[in-house]
Every structure is written in C-alpha cells, then in structure tokens.
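**Student:** One structure follows; several queries about it will come next.
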Amino acid sequence: MTNNPVGNFGQHPQLHLKQTLNAPSSQVLLHQFAVAHARADSLVRLAIPDTSDQKSLLTDYGFSYPSWVASATDTLPGPAQKYEFSYSLMHQGDTIGSALVTIGPDLRVYPSELAELIAYQRFIMGDLEIGPKQAVGVAVGSGVKQKGAEVGFYAGGFTLDTLTRLKQVSTYYQEVITNPRACYWLVENDCNGCTRLKVNASNGKVFGQDKIIFVY
C-alpha cells in the first residue's frame with residue numbers, strides 16, 4: 001500500500017478520571033478498558049494483518065454509560081457498560097473506511113463492522129477490483145438512486161453483524177483472500193419500492209436485483 005502512516009493503532013490514550021487514580025472505581029475502569037482495548041486490537045490485527053497497514057489506522061474511543069457515550073477526552077465517572085473502539089483506515093490523507101468494535105466488561109464482543117474494513121483494505125491492495133464507490137456507480141446504472149444509496153460488504157456467508165469472535169474474523173479474512181469472486185457489495189435505497197442489488201466485488205457484475213417492499 002502506498003500511504004503515509006498517520007494512525008495511532010495500538011497506542012493507549014490517557015484517560016481523565018473523575019475519581020482519584022487509586023479509587024476502586026478508577027482502578028476497575030482502567031483495567032476493563034485496557035483489557036477491552038487489547039481484545040479489540042486483536043480482532044483488528046486479524047482483519048488488517050499487515051503491520052505497515054496498521055500504522056494507517058486511526059483509533060477513536062467511546063465509553064458507553066446509561067444516558068451518554070463519553071469520549072477519551074471527557075472526565076470519566078467510573079467503569080462503562082461498554083467500551084467502543086472506532087478504527088478508521090487512512091489512505092493518502094483520506095478516511096476510506098471505518099469499523100466500530102464494541103467490547104463489554106466481560107470481554108463479550110458485540111456485532112462489529114470489521115467486514116467492510118477488510119474489504120476496503122483488500123481493495124487498496126488490489127485484490128478486489130470493485131470498491132464501494134465503484135459499486136454504487138454500477139448500481140446507479142441498474143436503477144439504484146445515487147442519493148441516499150447504502151452500501152455494505154459481504155463474503156463467505158458472513159453478514160456484517162456476525163464477526164464477534166477471533167476465529168470468525170480470521171476465517172472471514174481468509175475467505176476474502178482466497179475467494180474474491182464470492183465477495184459482493186449490497187447496494188440499496190432504504191425506501192418502499194426502491195431497488196436493491198448486489199455487485200460482485202471481483203468483476204462488477206450485478207446480480208440478486210429486487211425491490212424493497214415495506215410491510216405495514
């Protein structure tokens with residue numbers, strides 16, 4: 001990949017604590033966040049295994065509380081209900097894809113968005129001929145409206161919300177590498193009667209075209 005590393009992947013942010021550092025709630029927060037951060041990074045390392053590409057990942061942090069989501073620059077009252085890690089893939093100064101990985105205090109991995117991050121990275125590497133912008137362009141030529149078009153990446157029978165375990169991410173990554181013709185972009189307009197279709201990520205061919213019908 002030809003890129004200028006601008007990321008902070010693997011770096012631990014300094015947190016601002018409402019309680020003193022030695023307070024029990026602060027210690028629990030720091031421990032939970034550190035373990036969750038390591039877990040999330042482990043998932044991303046499987047999705048983006050090349051260390052040079054990891055240097056182009058920019059990480060943002062979220063702390064989910066009952067009524068709000070704090071950032072790493074906010075003053076944190078104590079342990080969060082969930083820890084959110086947003087990984088953005090930078091390429092030539094632009095963000096071309098991002099993934100949100102959410103980890104619970106019990107290390108449960110909530111449905112992640114790593115599927116698209118893998119797709120964007122492989123598109124940059126040249127393994128996939130069709131990226132998200134090209135897929136939308138193809139879809140528009142087949143009846144999808146460009147305004148409001150939503151695009152998602154699929155491969156190997158996995159859907160966007162199933163990559164919740166390390167083994168699943170590893171299997172998914174290998175599926176994209178070894179069988180790019182099984183990869184596709186789902187492009188649609190989320191409206192009644194609008195077109196939905198799939199664009200093969202390897203050759204740009206359209207298939208699986210139908211209409212979205214809302215049932216009231």
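Ligands are numbered from 1 in the order shown, residues from 1 within each chain, and chains are lettered A, B, ... in the order they appear in the structure tokens.
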Excluding same-chain residues fewer than 4 positions from A:Asp50, what lies within 12 Å of it counting only C-alpha atoms, as a PyMOL selection string?

**Tutor:** chain A and resi 1+44-46+54-57+118+121-122+125

**Student:** Using the selection just defined, write its residues with C-alpha atoms as a PDB file, in the first residue's frame.

**Tutor:**
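This went into part_13.pdb:
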ATOM      1  CA  MET A   1       0.000   0.000   0.000  1.00  0.00           C
ATOM      2  CA  VAL A  44      -8.364  -5.727  14.047  1.00  0.00           C
ATOM      3  CA  ARG A  45      -4.941  -7.382  13.705  1.00  0.00           C
ATOM      4  CA  LEU A  46      -6.705 -10.382  12.183  1.00  0.00           C
ATOM      5  CA  GLN A  54      -1.916  -0.973  10.836  1.00  0.00           C
ATOM      6  CA  LYS A  55       0.137   2.227  11.008  1.00  0.00           C
ATOM      7  CA  SER A  56      -2.567   3.847   8.876  1.00  0.00           C
ATOM      8  CA  LEU A  57      -5.347   3.018  11.342  1.00  0.00           C
ATOM      9  CA  ILE A 118     -11.321  -5.874   5.467  1.00  0.00           C
ATOM     10  CA  GLN A 121      -8.044  -2.766   2.820  1.00  0.00           C
ATOM     11  CA  ARG A 122      -8.116  -5.533   0.204  1.00  0.00           C
ATOM     12  CA  MET A 125      -4.132  -3.804  -2.097  1.00  0.00           C
TER      13      MET A 125
END

**Student:** Within 9 Å of stretch 171-188 of chain A, counting only C-alpha atoms, which residues show up once you throw out same-chain ones fewer than 3 positions away? Write them as a short mmCIF file (atom, residue, chain, number, x, y, z; two decimals) with C-alpha atoms, in the first residue's frame, please.

**Tutor:**
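Output below, filename out_33.cif:
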data_model
loop_
_atom_site.label_atom_id
_atom_site.label_comp_id
_atom_site.auth_asym_id
_atom_site.auth_seq_id
_atom_site.Cartn_x
_atom_site.Cartn_y
_atom_site.Cartn_z
CA LEU A 46 -6.70 -10.38 12.18
CA ALA A 47 -8.68 -8.14 9.85
CA ILE A 48 -5.64 -6.00 8.91
CA ALA A 115 -16.23 -6.89 7.34
CA ILE A 118 -11.32 -5.87 5.47
CA ALA A 119 -12.93 -5.09 2.13
CA ARG A 122 -8.12 -5.53 0.20
CA ASP A 127 -7.27 -7.95 -4.52
CA LEU A 128 -10.77 -6.63 -5.23
CA ILE A 130 -14.60 -3.06 -7.23
CA GLY A 131 -14.63 -0.75 -4.22
CA PRO A 132 -17.64 0.90 -2.55
CA ALA A 135 -20.19 -0.45 -6.65
CA VAL A 136 -22.54 2.48 -6.17
CA ALA A 139 -25.76 0.11 -9.04
CA VAL A 144 -30.46 2.44 -7.61
CA LYS A 145 -30.73 6.13 -6.74
CA GLY A 148 -29.10 8.01 -0.11
CA ALA A 149 -27.56 4.83 -1.51
CA GLU A 150 -26.37 2.50 1.25
CA VAL A 151 -23.56 0.03 0.62
CA GLY A 152 -22.33 -2.96 2.64
CA PHE A 153 -19.75 -5.68 2.01
CA TYR A 154 -20.42 -9.42 2.24
CA ALA A 155 -18.34 -12.56 1.74
CA GLY A 156 -18.34 -16.23 2.57
CA GLY A 157 -21.79 -16.35 4.09
CA PHE A 158 -20.88 -13.88 6.82
CA LEU A 163 -17.88 -11.17 13.30
CA LEU A 166 -11.34 -14.03 16.80
CA LYS A 167 -11.72 -17.26 14.83
CA GLN A 168 -14.61 -15.82 12.80
CA CYS A 191 -37.34 3.19 0.81
CA CYS A 194 -36.71 1.12 -4.24
CA THR A 195 -34.11 -1.07 -5.91
CA ARG A 196 -31.74 -3.35 -4.04
CA LEU A 197 -28.98 -5.29 -5.77
CA LYS A 198 -25.61 -6.97 -5.38
CA VAL A 199 -22.42 -6.02 -7.22
CA ASN A 200 -19.66 -8.62 -7.48
CA ALA A 201 -16.51 -7.15 -5.90
CA SER A 202 -14.28 -9.09 -8.28
CA ASN A 203 -15.78 -8.22 -11.66
CA GLY A 204 -18.56 -5.65 -11.12
CA ILE A 212 -37.68 -3.33 -1.28
#

**Student:** With only C-alpha atoms as the atoms that count, which of A:Ser88, A:Gln81, A:Asn22, A:Ser42 lies nearest to A:Val69?

**Tutor:**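 That would be A:Gln81, the residue with the smallest distance to A:Val69.
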
**Student:** Write out as a ChimeraX atom specification all residues of stretch 22-119 of chain A that DSSP puts in alpha helix (DSSP H) for this structure's backbone.

**Tutor:** /A:24-47,51-54,114-119

**Student:** Next, write the just-selected residues to a file, as a tab-separated table (two decimals), in the first residue's frame, keeping C-alpha atoms as the atom set.

**Tutor:**
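Result file follows (again-v8.tsv):
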chain	number	residue	atom	x	y	z
A	24	PRO	CA	-11.64	1.40	43.32
A	25	SER	CA	-13.90	2.66	40.52
A	26	SER	CA	-10.92	4.20	38.72
A	27	GLN	CA	-8.90	1.01	39.01
A	28	VAL	CA	-11.78	-1.08	37.64
A	29	LEU	CA	-12.26	1.35	34.75
A	30	LEU	CA	-8.58	1.35	33.83
A	31	HIS	CA	-8.37	-2.44	33.98
A	32	GLN	CA	-11.55	-3.04	31.97
A	33	PHE	CA	-10.57	-0.51	29.33
A	34	ALA	CA	-7.04	-1.91	28.95
A	35	VAL	CA	-8.32	-5.47	28.53
A	36	ALA	CA	-11.11	-4.40	26.16
A	37	HIS	CA	-8.65	-2.32	24.11
A	38	ALA	CA	-6.32	-5.31	23.76
A	39	ARG	CA	-9.24	-7.51	22.73
A	40	ALA	CA	-10.47	-5.05	20.10
A	41	ASP	CA	-6.96	-4.57	18.72
A	42	SER	CA	-6.59	-8.37	18.47
A	43	LEU	CA	-9.67	-8.52	16.25
A	44	VAL	CA	-8.36	-5.73	14.05
A	45	ARG	CA	-4.94	-7.38	13.70
A	46	LEU	CA	-6.70	-10.38	12.18
A	47	ALA	CA	-8.68	-8.14	9.85
A	51	THR	CA	1.81	-4.09	10.27
A	52	SER	CA	2.51	-1.35	7.72
A	53	ASP	CA	-1.24	-1.04	7.10
A	54	GLN	CA	-1.92	-0.97	10.84
A	114	LEU	CA	-14.86	-5.37	10.55
A	115	ALA	CA	-16.23	-6.89	7.34
A	116	GLU	CA	-16.14	-3.60	5.47
A	117	LEU	CA	-12.75	-2.66	6.91
A	118	ILE	CA	-11.32	-5.87	5.47
A	119	ALA	CA	-12.93	-5.09	2.13

**Student:** Between atom CA of A:Pro79 and atom CA of A:Pro13, what is the distance in Å, rounded to a tenth?

**Tutor:**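 Separating atom CA of A:Pro79 from atom CA of A:Pro13 is a distance of 15.8 Å.
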
**Student:** Any idea what the distance is between atom CA of A:His16 and atom CA of A:Tyr65?

**Tutor:**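 Here the two named atoms are 15.3 Å from each other.
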
**Student:** My list of candidates is A:Ser86, A:Ser142, A:Gln209, A:Gln134. Which is closest to A:Ile103 when distances are computed with only C-alpha atoms?

**Tutor:** A:Ser86

**Student:** Could you tell me which of A:Gly126, A:Gly104, A:Gly78, A:Pro66 comes closest to A:Leu17 if we count only C-alpha atoms?

**Tutor:**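 Closest residue, counting only C-alpha atoms: A:Gly78.
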
**Student:** Which residue, A:Leu58, A:Lys211, A:Gln14, A:Gly193, has the smallest gap to A:Thr73 when you use only C-alpha atoms?

**Tutor:**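 Counting only C-alpha atoms, the residue closest to A:Thr73 is A:Gln14.
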
**Student:** Quick one: distance from atom CA of A:Gly10 to atom CA of A:Ser67 in Å, one decimal?

**Tutor:**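 Interatomic distance here is 28.4 Å.
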
**Student:** A:Gly137, A:Pro49, A:Gly62, A:Pro77: which is nearest A:Val101, counting only C-alpha atoms?

**Tutor:**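 Of A:Gly137, A:Pro49, A:Gly62, A:Pro77, the one nearest A:Val101 is A:Gly62, counting only C-alpha atoms.
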
**Student:** Could you tell me which of A:Gly7, A:Pro105, A:Gly143, A:Gly208 comes closest to A:Tyr83 if we count only C-alpha atoms?

**Tutor:**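 Among the listed residues, A:Pro105 lies closest to A:Tyr83.
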
**Student:** Could you pull out the residues in chain A that DSSP calls strand (DSSP E) from the backbone, as a ChimeraX atom specification?

**Tutor:** /A:16-17,57-65,68-71,75-76,82-91,94-103,149-154,184-189,195-200,206-211
